[in-house]
Amino acid sequence: MVLRRVYFAVFGSGLGHASRILEIANHLRREGDQFRYSCSGQALDYIGSHGQGASVLESPSLDVEWTEEGSFSSKDFIPRFPFMFNAFLRQVAFERENIAKFDPKVVVSDSRLSPILASRAKSYPVITMLNQFKISFPPRFSGKGVGRIYERFAGDVLGLLWSLSDEVLMTDLPPPYTIGEANLAGTDVSRIVRYVGFTSPGASLSEESVRGAKKALDIDERPLAFFQISGPEVTKRAFFDTVIQASGALAGKYNIVISMGRPSGSGEPRRLASGAWIYDWCPVKDELFSLSSVVVARAGHRTIGQCIDAGKPAVLVPIHNHSEQIGNANKFSKLGLGIEIRSERLTSENLIESVEACLTDPRYRESVERVRAVSKNYNGIQRCSEIIESYA
């Protein structure tokens, strides 16, 4: 049996990229295979905590800035944009050195450019996985003045650079159901990308595990609202405070479970005075998706894919000024799959109203089932694994 060596370069912000790469790696892994992971930030801790610590390399960080209020820092982003180039060059040099040392059969880049250039310099095949094809600037700057110039330039350059990959896999549904369509606008990707479907968690849940979660949380016959708070830690405070206020009013009518999305936190639930349950880190997230009638979450691409594949309407609250999440949430709402609330407009009152609307208006569930039927024709984790395997 030929042993496989795969080098995974993972985008570091948030946990969606890291979690799907681990699922793909587990899907691929055979005895004796060797995998190496290059990442920074939250992805570094997450992959290391899942038994891969000895195989993880800490790459130079190239991340965005966040304000103390938990918003994407548009004020700092535009002035910093030209100066991020030096940090990017350090990343390329790091990847070139470590890819050559590991000597993989294939390099898999999850939303990172530096491994593509490093792989090409060393003549290694590279497969790129993307949620978005271009950089969309924050709404404050997008389409205006210098922001418009940078955005157009960045989009054109990124298109050329992504196309240096042997494969570009868009982890989304094809039009007209493309959740990330705002991040494809103005680009011609038809000759470059392959739509492979959502990379939603693919583990099949046993009836026993679902029953166990239901029993542990005393979930009764009332509908369950699952609140999943994710993203960089600094962005969570205002969202969390609003969720706690809203849960107090909702817990009298519904089962309420809240996850803080902190990988280093406790996996044991605590019961609040309102009757809601709260986790620092929820080890039964997939079971709760299965049991829920509505999900409240950020507008990360993988979270949306899981909502659709699980057939769950959702209330989405994109991170303030986060252009990708704002575009995702807007398309989700346009498809009739749930309700978008911008962070700057979020209150406990409109969160409560939106949750109850998703629970009582059958049109949301009908729309989700329609798109879910399309998504069933795809299996992003399996398809990505098959394509990687063909090179490895």
# chains A, B, ... in the order shown; residues from 1 in each chain; ligands from 1
>>> closest_atom_pairs(of="region 179-245 of chain A", to="region 163-169 of chain A", cutoff="8 Å", atoms="only C-alpha atoms", output="Markdown table")
| residue | atom | partner | partner_atom | distance |
| --- | --- | --- | --- | --- |
| A:Ile192 | CA | A:Ser163 | CA | 6.3 |
| A:Val193 | CA | A:Val168 | CA | 4.9 |
| A:Arg194 | CA | A:Leu169 | CA | 5.0 |
| A:Tyr195 | CA | A:Leu169 | CA | 6.0 |
| A:Val196 | CA | A:Leu169 | CA | 6.4 |
>>> residues_around(residues="region 233-245 of chain A", least_positions_apart="6", cutoff="12 Å", atoms="only C-alpha atoms", output="PyMOL selection string")
chain A and resi 13-15+41-42+65-73+225-227+251+256-264+272-278+280+296-298+315-322+341-352+355
>>> residues_around(residues="Pro362 (chain A)", least_positions_apart="2", cutoff="12 Å", atoms="only C-alpha atoms", output="list in words")
Ser293, Val294, Lys312, Pro313, Gly336, Leu337, Gly338, Glu356, Ala357, Cys358, Leu359, Thr360, Tyr364, Arg365, Glu366, Ser367, Val368 and Glu369 of chain A
>>> write_last_selection(atoms="C-alpha atoms", output="compact mmCIF listing (two decimals), in the first residue's frame")
# COMPACT_ATOMS: atom_id res chain seq x y z
CA SER A 293 -36.27 23.64 15.47
CA VAL A 294 -34.31 26.86 14.92
CA LYS A 312 -33.08 24.03 10.07
CA PRO A 313 -34.29 27.63 9.66
CA GLY A 336 -36.21 32.51 2.49
CA LEU A 337 -34.21 30.20 4.76
CA GLY A 338 -34.36 32.42 7.82
CA GLU A 356 -40.46 33.04 17.15
CA ALA A 357 -41.03 33.91 13.48
CA CYS A 358 -38.75 31.07 12.37
CA LEU A 359 -40.56 28.70 14.72
CA THR A 360 -44.10 29.64 13.74
CA TYR A 364 -38.97 29.16 6.43
CA ARG A 365 -38.88 25.41 6.90
CA GLU A 366 -40.39 24.83 3.45
CA SER A 367 -37.66 26.97 1.87
CA VAL A 368 -34.92 25.17 3.80
CA GLU A 369 -36.27 21.80 2.68
>>> residues_around(residues="Pro60 (chain A)", least_positions_apart="2", cutoff="10 Å", atoms="only C-alpha atoms", output="list in words")
Ser38, Cys39, Ser40, Gly41, Leu57, Glu58, Leu62, Asp63, Ala87, Phe88, Leu89, Arg90, Gln91, Val92, Ala93, Phe94 and Glu95 of chain A
>>> write_last_selection(atoms="N, CA and C atoms", output="PDB file, in the first residue's frame")
ATOM      1  N   SER A  38      -0.352  23.448   8.598  1.00  0.00           N
ATOM      2  CA  SER A  38       0.245  24.773   8.777  1.00  0.00           C
ATOM      3  C   SER A  38      -0.884  25.768   9.035  1.00  0.00           C
ATOM      4  N   CYS A  39      -0.822  26.476  10.180  1.00  0.00           N
ATOM      5  CA  CYS A  39      -1.910  27.388  10.511  1.00  0.00           C
ATOM      6  C   CYS A  39      -1.465  28.332  11.625  1.00  0.00           C
ATOM      7  N   SER A  40      -2.348  29.245  11.989  1.00  0.00           N
ATOM      8  CA  SER A  40      -2.089  30.187  13.077  1.00  0.00           C
ATOM      9  C   SER A  40      -3.412  30.463  13.783  1.00  0.00           C
ATOM     10  N   GLY A  41      -3.363  31.285  14.814  1.00  0.00           N
ATOM     11  CA  GLY A  41      -4.583  31.748  15.474  1.00  0.00           C
ATOM     12  C   GLY A  41      -5.411  30.630  16.075  1.00  0.00           C
ATOM     13  N   LEU A  57       2.322  23.017  12.406  1.00  0.00           N
ATOM     14  CA  LEU A  57       3.323  24.082  12.296  1.00  0.00           C
ATOM     15  C   LEU A  57       2.633  25.428  12.485  1.00  0.00           C
ATOM     16  N   GLU A  58       3.241  26.321  13.256  1.00  0.00           N
ATOM     17  CA  GLU A  58       2.680  27.658  13.453  1.00  0.00           C
ATOM     18  C   GLU A  58       3.213  28.596  12.381  1.00  0.00           C
ATOM     19  N   LEU A  62      -1.408  36.334   9.485  1.00  0.00           N
ATOM     20  CA  LEU A  62      -1.829  37.399   8.575  1.00  0.00           C
ATOM     21  C   LEU A  62      -3.336  37.514   8.723  1.00  0.00           C
ATOM     22  N   ASP A  63      -3.761  38.192   9.784  1.00  0.00           N
ATOM     23  CA  ASP A  63      -5.178  38.234  10.126  1.00  0.00           C
ATOM     24  C   ASP A  63      -5.665  39.665  10.131  1.00  0.00           C
ATOM     25  N   ALA A  87       4.141  40.860   5.478  1.00  0.00           N
ATOM     26  CA  ALA A  87       3.731  39.690   6.256  1.00  0.00           C
ATOM     27  C   ALA A  87       3.403  38.524   5.332  1.00  0.00           C
ATOM     28  N   PHE A  88       2.799  38.832   4.199  1.00  0.00           N
ATOM     29  CA  PHE A  88       2.467  37.789   3.236  1.00  0.00           C
ATOM     30  C   PHE A  88       3.736  37.133   2.682  1.00  0.00           C
ATOM     31  N   LEU A  89       4.758  37.937   2.394  1.00  0.00           N
ATOM     32  CA  LEU A  89       6.018  37.378   1.894  1.00  0.00           C
ATOM     33  C   LEU A  89       6.672  36.459   2.926  1.00  0.00           C
ATOM     34  N   ARG A  90       6.553  36.804   4.205  1.00  0.00           N
ATOM     35  CA  ARG A  90       7.086  35.933   5.253  1.00  0.00           C
ATOM     36  C   ARG A  90       6.344  34.599   5.264  1.00  0.00           C
ATOM     37  N   GLN A  91       5.032  34.667   5.037  1.00  0.00           N
ATOM     38  CA  GLN A  91       4.254  33.429   4.961  1.00  0.00           C
ATOM     39  C   GLN A  91       4.726  32.555   3.806  1.00  0.00           C
ATOM     40  N   VAL A  92       4.928  33.165   2.646  1.00  0.00           N
ATOM     41  CA  VAL A  92       5.356  32.400   1.465  1.00  0.00           C
ATOM     42  C   VAL A  92       6.690  31.709   1.739  1.00  0.00           C
ATOM     43  N   ALA A  93       7.642  32.464   2.338  1.00  0.00           N
ATOM     44  CA  ALA A  93       8.952  31.881   2.633  1.00  0.00           C
ATOM     45  C   ALA A  93       8.823  30.725   3.631  1.00  0.00           C
ATOM     46  N   PHE A  94       7.971  30.893   4.638  1.00  0.00           N
ATOM     47  CA  PHE A  94       7.738  29.842   5.633  1.00  0.00           C
ATOM     48  C   PHE A  94       7.182  28.589   4.963  1.00  0.00           C
ATOM     49  N   GLU A  95       6.194  28.775   4.101  1.00  0.00           N
ATOM     50  CA  GLU A  95       5.563  27.617   3.446  1.00  0.00           C
ATOM     51  C   GLU A  95       6.524  26.934   2.483  1.00  0.00           C
TER      52      GLU A  95
END
>>> select_by_dssp(residues="region 163-362 of chain A", states="helix (DSSP H, G or I)", output="PyMOL selection string")
chain A and resi 181-183+207-216+233-235+237-250+285-291+301-310+323-334+343-345+348-360+362
>>> atom_distance(atom1="CA of Tyr177 (chain A)", atom2="CA of Phe133 (chain A)")
16.0 Å
>>> atom_distance(atom1="CA of Ser247 (chain A)", atom2="CA of Glu268 (chain A)")
18.9 Å
>>> residues_around(residues="Gln132 (chain A)", least_positions_apart="6", cutoff="7 Å", atoms="only C-alpha atoms", output="PDB file with N, CA and C atoms, in the first residue's frame")
ATOM      1  N   GLY A 180     -22.372  32.123  -1.057  1.00  0.00           N
ATOM      2  CA  GLY A 180     -21.313  33.135  -1.137  1.00  0.00           C
ATOM      3  C   GLY A 180     -21.323  33.941  -2.416  1.00  0.00           C
ATOM      4  N   ASN A 183     -19.472  37.241  -2.788  1.00  0.00           N
ATOM      5  CA  ASN A 183     -18.018  37.179  -2.843  1.00  0.00           C
ATOM      6  C   ASN A 183     -17.516  36.581  -4.158  1.00  0.00           C
ATOM      7  N   LEU A 184     -18.435  36.380  -5.091  1.00  0.00           N
ATOM      8  CA  LEU A 184     -18.089  35.982  -6.455  1.00  0.00           C
ATOM      9  C   LEU A 184     -18.467  37.067  -7.459  1.00  0.00           C
TER      10      LEU A 184
END
>>> atom_distance(atom1="CA of Val10 (chain A)", atom2="CA of Gly197 (chain A)")
18.9 Å
